$ cat work00.txt   # compact mmCIF, C-alpha atoms
# COMPACT_ATOMS: atom_id res chain seq x y z
CA MET A 143 74.73 53.56 11.64
CA TYR A 144 75.62 50.01 12.73
CA LYS A 145 79.35 50.69 12.99
CA ARG A 146 78.98 53.99 14.86
CA PHE A 147 76.13 53.24 17.28
CA VAL A 148 74.40 49.86 17.12
CA LYS A 149 77.55 47.72 17.36
CA ARG A 150 78.64 49.30 20.66
CA TRP A 151 75.11 49.11 22.07
CA LEU A 152 74.94 45.40 21.23
CA ASP A 153 78.36 44.87 22.85
CA ILE A 154 77.15 46.40 26.12
CA VAL A 155 73.88 44.46 26.20
CA LEU A 156 75.29 41.09 25.14
CA SER A 157 78.47 41.20 27.25
CA GLY A 158 76.51 42.45 30.28
CA ALA A 159 73.97 39.66 29.93
CA ALA A 160 76.73 37.08 29.42
CA LEU A 161 78.56 38.25 32.55
CA VAL A 162 75.40 37.83 34.62
CA VAL A 163 74.34 34.48 33.15
CA LEU A 164 77.85 33.02 33.15
CA SER A 165 78.92 34.39 36.54
CA PRO A 166 78.61 30.93 38.22
CA VAL A 167 80.75 29.38 35.46
CA ILE A 168 83.31 32.18 35.73
CA ALA A 169 83.48 31.75 39.51
CA ILE A 170 83.96 27.98 39.25
CA LEU A 171 86.65 28.37 36.58
CA ALA A 172 88.46 30.95 38.70
CA LEU A 173 88.51 28.49 41.60
CA LEU A 174 89.76 25.65 39.38
CA VAL A 175 92.49 27.82 37.88
CA ARG A 176 93.61 28.80 41.37
CA MET A 177 93.71 25.17 42.48
CA LYS A 178 95.38 23.71 39.38
CA LEU A 179 97.61 26.52 38.11
CA GLY A 180 98.08 28.78 41.09
CA SER A 181 97.95 32.53 41.43
CA PRO A 182 97.31 34.92 39.81
CA VAL A 183 94.13 33.48 38.35
CA ILE A 184 93.84 36.20 35.71
CA PHE A 185 96.49 36.71 33.05
CA LYS A 186 96.87 40.42 32.29
CA GLN A 187 98.73 41.98 29.40
CA GLU A 188 98.74 45.41 27.79
CA ARG A 189 97.40 45.46 24.25
CA PRO A 190 96.65 48.28 21.77
CA GLY A 191 92.97 48.88 21.10
CA TYR A 192 90.85 51.43 19.27
CA ARG A 193 93.12 54.16 17.83
CA THR A 194 96.05 52.25 19.41
CA ARG A 195 94.94 53.21 22.94
CA ILE A 196 96.60 50.80 25.35
CA PHE A 197 94.35 48.73 27.61
CA THR A 198 94.81 45.72 29.87
CA LEU A 199 93.57 42.46 28.36
CA LYS A 200 92.26 39.93 30.88
CA LYS A 201 92.13 36.14 30.41
CA PHE A 202 92.22 33.09 32.63
CA ARG A 203 95.77 31.82 32.89
CA THR A 204 96.37 28.53 31.10
CA MET A 205 100.07 27.92 31.83
CA THR A 206 102.28 27.37 34.83
CA ASP A 207 105.32 29.51 35.67
CA GLU A 208 107.82 26.66 35.29
CA ARG A 209 111.35 27.87 34.52
CA ASP A 210 114.67 26.31 33.55
CA GLU A 211 117.84 26.34 35.66
CA GLN A 212 118.70 29.83 34.40
CA GLY A 213 115.34 31.18 35.53
CA ASN A 214 113.90 31.51 32.03
CA LEU A 215 110.30 30.48 31.38
CA LEU A 216 109.99 27.11 29.64
CA PRO A 217 108.37 27.00 26.16
CA ASP A 218 104.59 27.39 26.07
CA ALA A 219 104.04 23.71 25.22
CA ARG A 220 105.96 22.67 28.36
CA ARG A 221 103.98 25.00 30.62
CA LEU A 222 100.56 24.29 29.13
CA THR A 223 98.80 21.71 31.31
CA GLY A 224 95.94 19.41 30.39
CA PHE A 225 93.55 21.75 32.17
CA GLY A 226 95.01 24.76 30.40
CA ARG A 227 94.70 22.97 27.07
CA LEU A 228 91.02 22.32 27.81
CA LEU A 229 90.44 26.00 28.60
CA ARG A 230 92.01 27.01 25.29
CA ARG A 231 90.25 24.37 23.21
CA THR A 232 86.86 25.46 24.57
CA SER A 233 87.85 29.17 24.62
CA LEU A 234 86.79 29.33 28.27
CA ASP A 235 90.04 31.16 29.02
CA GLU A 236 88.60 34.11 27.07
CA LEU A 237 85.59 34.65 29.37
CA PRO A 238 87.20 37.45 31.44
CA GLU A 239 87.42 39.46 28.21
CA LEU A 240 83.66 39.96 28.50
CA TRP A 241 84.54 42.60 31.08
CA ASN A 242 86.88 44.27 28.56
CA ILE A 243 83.97 44.34 26.13
CA PHE A 244 81.50 45.72 28.66
CA CYS A 245 83.94 48.50 29.62
CA GLY A 246 84.51 49.49 26.00
CA ASP A 247 88.08 48.28 25.53
CA MET A 248 86.94 45.57 23.12
CA SER A 249 84.03 44.41 20.99
CA LEU A 250 82.52 40.96 20.59
CA ILE A 251 83.65 40.91 16.96
CA GLY A 252 86.76 42.59 15.58
CA PRO A 253 90.48 42.11 14.94
CA ARG A 254 92.14 40.32 17.86
CA PRO A 255 94.27 42.67 20.00
CA LEU A 256 97.94 41.83 19.45
CA LEU A 257 101.15 42.76 21.26
CA VAL A 258 102.14 46.40 21.79
CA SER A 259 105.58 45.60 20.37
CA TYR A 260 104.00 44.89 16.98
CA LEU A 261 102.76 48.46 16.47
CA PRO A 262 105.77 49.77 14.48
CA TYR A 263 105.64 46.83 12.06
CA TYR A 264 102.18 47.17 10.52
CA THR A 265 101.80 48.38 6.95
CA GLU A 266 99.53 51.34 6.28
CA ARG A 267 96.73 48.99 5.24
CA GLU A 268 97.19 46.76 8.28
CA GLN A 269 96.83 49.79 10.54
CA LEU A 270 93.13 49.76 9.62
CA ARG A 271 92.74 47.15 12.39
CA HIS A 272 93.01 49.98 14.93
CA THR A 273 90.16 52.04 13.45
CA VAL A 274 87.69 49.71 15.22
CA ARG A 275 87.65 48.11 18.66
CA PRO A 276 89.54 44.81 18.88
CA GLY A 277 87.36 41.73 19.21
CA LEU A 278 86.89 38.60 21.27
CA THR A 279 86.79 36.86 17.89
CA GLY A 280 87.16 38.02 14.33
CA LEU A 281 87.39 37.19 10.65
CA ALA A 282 91.00 36.03 10.95
CA GLN A 283 90.12 33.72 13.84
CA VAL A 284 87.42 31.89 11.90
CA SER A 285 89.76 31.69 8.90
CA GLY A 286 92.61 29.85 10.57
CA ARG A 287 93.38 31.42 13.93
CA ASN A 288 97.08 31.19 14.94
CA PHE A 289 97.76 28.75 12.07
CA LEU A 290 97.17 31.51 9.49
CA GLU A 291 100.46 33.15 8.47
CA TRP A 292 100.85 36.76 9.56
CA ASP A 293 100.39 38.49 6.18
CA LYS A 294 97.13 36.64 5.51
CA ARG A 295 95.95 37.06 9.08
CA LEU A 296 96.45 40.83 9.05
CA GLU A 297 94.89 41.07 5.59
CA LYS A 298 91.76 39.41 7.01
CA ASP A 299 91.66 42.11 9.69
CA ALA A 300 91.81 44.83 7.03
CA GLU A 301 89.10 43.07 5.03
CA TYR A 302 86.91 42.96 8.12
CA VAL A 303 87.22 46.71 8.71
CA GLU A 304 86.45 47.50 5.07
CA ASN A 305 83.37 45.27 5.02
CA LEU A 306 82.14 45.73 8.61
CA SER A 307 78.40 45.17 8.82
CA PHE A 308 75.79 43.54 11.03
CA GLY A 309 75.55 40.63 8.59
CA LEU A 310 79.30 40.02 8.66
CA ASP A 311 79.38 40.12 12.47
CA VAL A 312 76.54 37.60 12.69
CA LYS A 313 78.34 35.33 10.23
CA ILE A 314 81.57 35.48 12.27
CA PHE A 315 79.66 34.92 15.52
CA PHE A 316 78.13 31.65 14.34
CA ALA A 317 81.36 30.55 12.65
CA THR A 318 83.10 31.06 16.00
CA ILE A 319 80.57 28.91 17.83
CA LYS A 320 81.06 26.18 15.23
CA ALA A 321 84.85 26.42 15.54
CA VAL A 322 84.72 26.06 19.33
CA PHE A 323 82.75 22.82 19.08
CA VAL A 324 84.38 21.13 16.08
CA HIS A 325 87.93 22.49 15.86
CA ASP A 326 90.35 20.46 17.95
CA ASP A 327 93.68 22.02 16.90
CA ILE A 328 95.19 24.51 19.32
CA ALA A 329 98.45 26.39 19.21
CA GLU A 330 100.26 24.98 22.23
CA ASP A 331 103.45 26.94 21.61
CA THR A 332 102.41 30.16 19.90
CA ASP A 333 106.03 31.31 19.55
CA VAL A 334 106.65 28.32 17.27
CA ILE A 335 103.29 28.16 15.49
CA GLU A 336 102.79 31.80 14.57
CA GLY A 337 106.16 33.37 15.32
CA ASN A 338 106.78 36.89 16.58
CA LEU A 339 105.62 39.46 14.04
CA ALA A 340 108.14 42.08 15.16
CA GLU A 341 111.06 39.67 14.80
CA ILE A 342 109.83 38.34 11.45
CA ARG A 343 109.40 41.77 9.88
CA ALA A 344 112.57 43.22 11.40
CA ALA A 345 114.52 40.31 9.90
CA LYS A 346 112.80 40.81 6.55
CA THR A 347 113.68 44.51 6.51
CA GLU A 348 117.28 43.76 7.44
CA GLY A 349 117.49 41.19 4.66
CA GLN A 350 116.19 43.69 2.08
CA MET A 351 118.79 46.26 3.15
CA GLN A 352 121.71 43.86 2.69
$ encode --input "work00.txt" --output "structure tokens"
Amino acid sequence: MYKRFVKRWLDIVLSGAALVVLSPVIAILALLVRMKLGSPVIFKQERPGYRTRIFTLKKFRTMTDERDEQGNLLPDARRLTGFGRLLRRTSLDELPELWNIFCGDMSLIGPRPLLVSYLPYYTEREQLRHTVRPGLTGLAQVSGRNFLEWDKRLEKDAEYVENLSFGLDVKIFFATIKAVFVHDDIAEDTDVIEGNLAEIRAAKTEGQMQ
């Protein structure tokens, strides 16, 4: 009952209320992002959601577009400004995702939506993450976020799906609030911290075949 009906109803009510209440904050942040980081204000990227349906994830941008002499983007840590770091540490960059939740692309709680390029590399068990809507926060995020190695991170997503309940969602919700206020570690260069799942598993498969 909760998984099929109540969870989505709560997502609509809570995200809708948050969008209304936080609209002044969102407007001010949009202005600050435009002034400090430039345009576009919103970072958009395609991600797989429920039943692997592709949707457009929306976040406030946190990095500049600085490039090297060859025109390649500099590493994340070089492009992440002090303001961008603040947005990430406080999770304010995630506020535009409330619209994704309201529209039904995402849920407040669930496995975080990852890159489309990762889809071929999930195990059968890990594919459970796409039997529910992806979340603004989830069990993996309150268990280590980007600093949790991929196998453990994806296992947490599978565990969440298997044990999905109102009680678990409430627990994750309050753990997320605590993490925002007391956790001061952020992944400045996600390519280095977590690595690319597709590259890691492709290399592992190639190594096993040799």
$ closest_residue --input "work00.txt" --among "A:Gly246, A:Pro253, A:Gly309, A:Arg203" --to "Arg230 in chain A" --atoms "only C-alpha atoms"
A:Arg203
$ atom_distance --input "work00.txt" --atom1 "CA of Gly226 in chain A" --atom2 "CA of Leu173 in chain A"
13.5 Å
$ residues_around --input "work00.txt" --residues "Arg275 in chain A" --least-positions-apart "4" --cutoff "6 Å" --atoms "only C-alpha atoms" --output "PyMOL selection string"
chain A and resi 191-192+248-249
$ closest_atom_pairs --input "work00.txt" --of "range 209-321 of chain A" --to "range 149-169 of chain A" --cutoff "9 Å" --atoms "all atoms listed in the file" --output "CSV"
residue,atom,partner,partner_atom,distance
A:Leu234,CA,A:Ile168,CA,8.7
A:Leu237,CA,A:Ile168,CA,7.2
A:Pro238,CA,A:Ile168,CA,7.8
A:Leu240,CA,A:Ser157,CA,5.5
A:Trp241,CA,A:Ser157,CA,7.3
A:Ile243,CA,A:Ser157,CA,6.4
A:Phe244,CA,A:Ile154,CA,5.1
A:Cys245,CA,A:Ile154,CA,7.9
A:Gly246,CA,A:Arg150,CA,7.9
A:Met248,CA,A:Asp153,CA,8.6
A:Ser249,CA,A:Asp153,CA,6.0
A:Leu250,CA,A:Asp153,CA,6.1
A:Ile251,CA,A:Asp153,CA,8.9
A:Ser307,CA,A:Lys149,CA,9.0
A:Phe308,CA,A:Lys149,CA,7.8
$ write_last_selection --input "work00.txt" --atoms "C-alpha atoms" --output "compact mmCIF listing (two decimals), keeping the file's coordinate frame"
# COMPACT_ATOMS: atom_id res chain seq x y z
CA LEU A 234 86.79 29.33 28.27
CA LEU A 237 85.59 34.65 29.37
CA PRO A 238 87.20 37.45 31.44
CA LEU A 240 83.66 39.96 28.50
CA TRP A 241 84.54 42.60 31.08
CA ILE A 243 83.97 44.34 26.13
CA PHE A 244 81.50 45.72 28.66
CA CYS A 245 83.94 48.50 29.62
CA GLY A 246 84.51 49.49 26.00
CA MET A 248 86.94 45.57 23.12
CA SER A 249 84.03 44.41 20.99
CA LEU A 250 82.52 40.96 20.59
CA ILE A 251 83.65 40.91 16.96
CA SER A 307 78.40 45.17 8.82
CA PHE A 308 75.79 43.54 11.03
$ atom_distance --input "work00.txt" --atom1 "CA of Phe323 in chain A" --atom2 "CA of Tyr302 in chain A"
23.3 Å
$ residues_near_point --input "work00.txt" --point "(99.2, 43.6, 30.4)" --cutoff "10 Å" --atoms "all atoms listed in the file" --output "list in words"
Phe185, Lys186, Gln187, Glu188, Arg189, Ile196, Phe197, Thr198, Leu199, Lys200, Leu257 and Val258 of chain A
$ atom_distance --input "work00.txt" --atom1 "CA of Tyr260 in chain A" --atom2 "CA of Asn242 in chain A"
20.7 Å
$ closest_residue --input "work00.txt" --among "A:Arg176, A:Arg193, A:Lys201, A:Arg271" --to "Leu229 in chain A" --atoms "all atoms listed in the file"
A:Lys201
$ residues_around --input "work00.txt" --residues "Leu339 in chain A" --least-positions-apart "5" --cutoff "10 Å" --atoms "all atoms listed in the file" --output "PyMOL selection string"
chain A and resi 256-257+259-261+263-264+291-293+333+344-345
$ write_last_selection --input "work00.txt" --atoms "C-alpha atoms" --output "compact mmCIF listing (two decimals), keeping the file's coordinate frame"
# COMPACT_ATOMS: atom_id res chain seq x y z
CA LEU A 256 97.94 41.83 19.45
CA LEU A 257 101.15 42.76 21.26
CA SER A 259 105.58 45.60 20.37
CA TYR A 260 104.00 44.89 16.98
CA LEU A 261 102.76 48.46 16.47
CA TYR A 263 105.64 46.83 12.06
CA TYR A 264 102.18 47.17 10.52
CA GLU A 291 100.46 33.15 8.47
CA TRP A 292 100.85 36.76 9.56
CA ASP A 293 100.39 38.49 6.18
CA ASP A 333 106.03 31.31 19.55
CA ALA A 344 112.57 43.22 11.40
CA ALA A 345 114.52 40.31 9.90
$ closest_residue --input "work00.txt" --among "A:Gly280, A:Pro255, A:Pro190, A:Gly213" --to "Phe315 in chain A" --atoms "all atoms listed in the file"
A:Gly280
$ closest_residue --input "work00.txt" --among "A:Ser233, A:Gln283, A:Thr206, A:Thr265" --to "Gly180 in chain A" --atoms "all atoms listed in the file"
A:Thr206
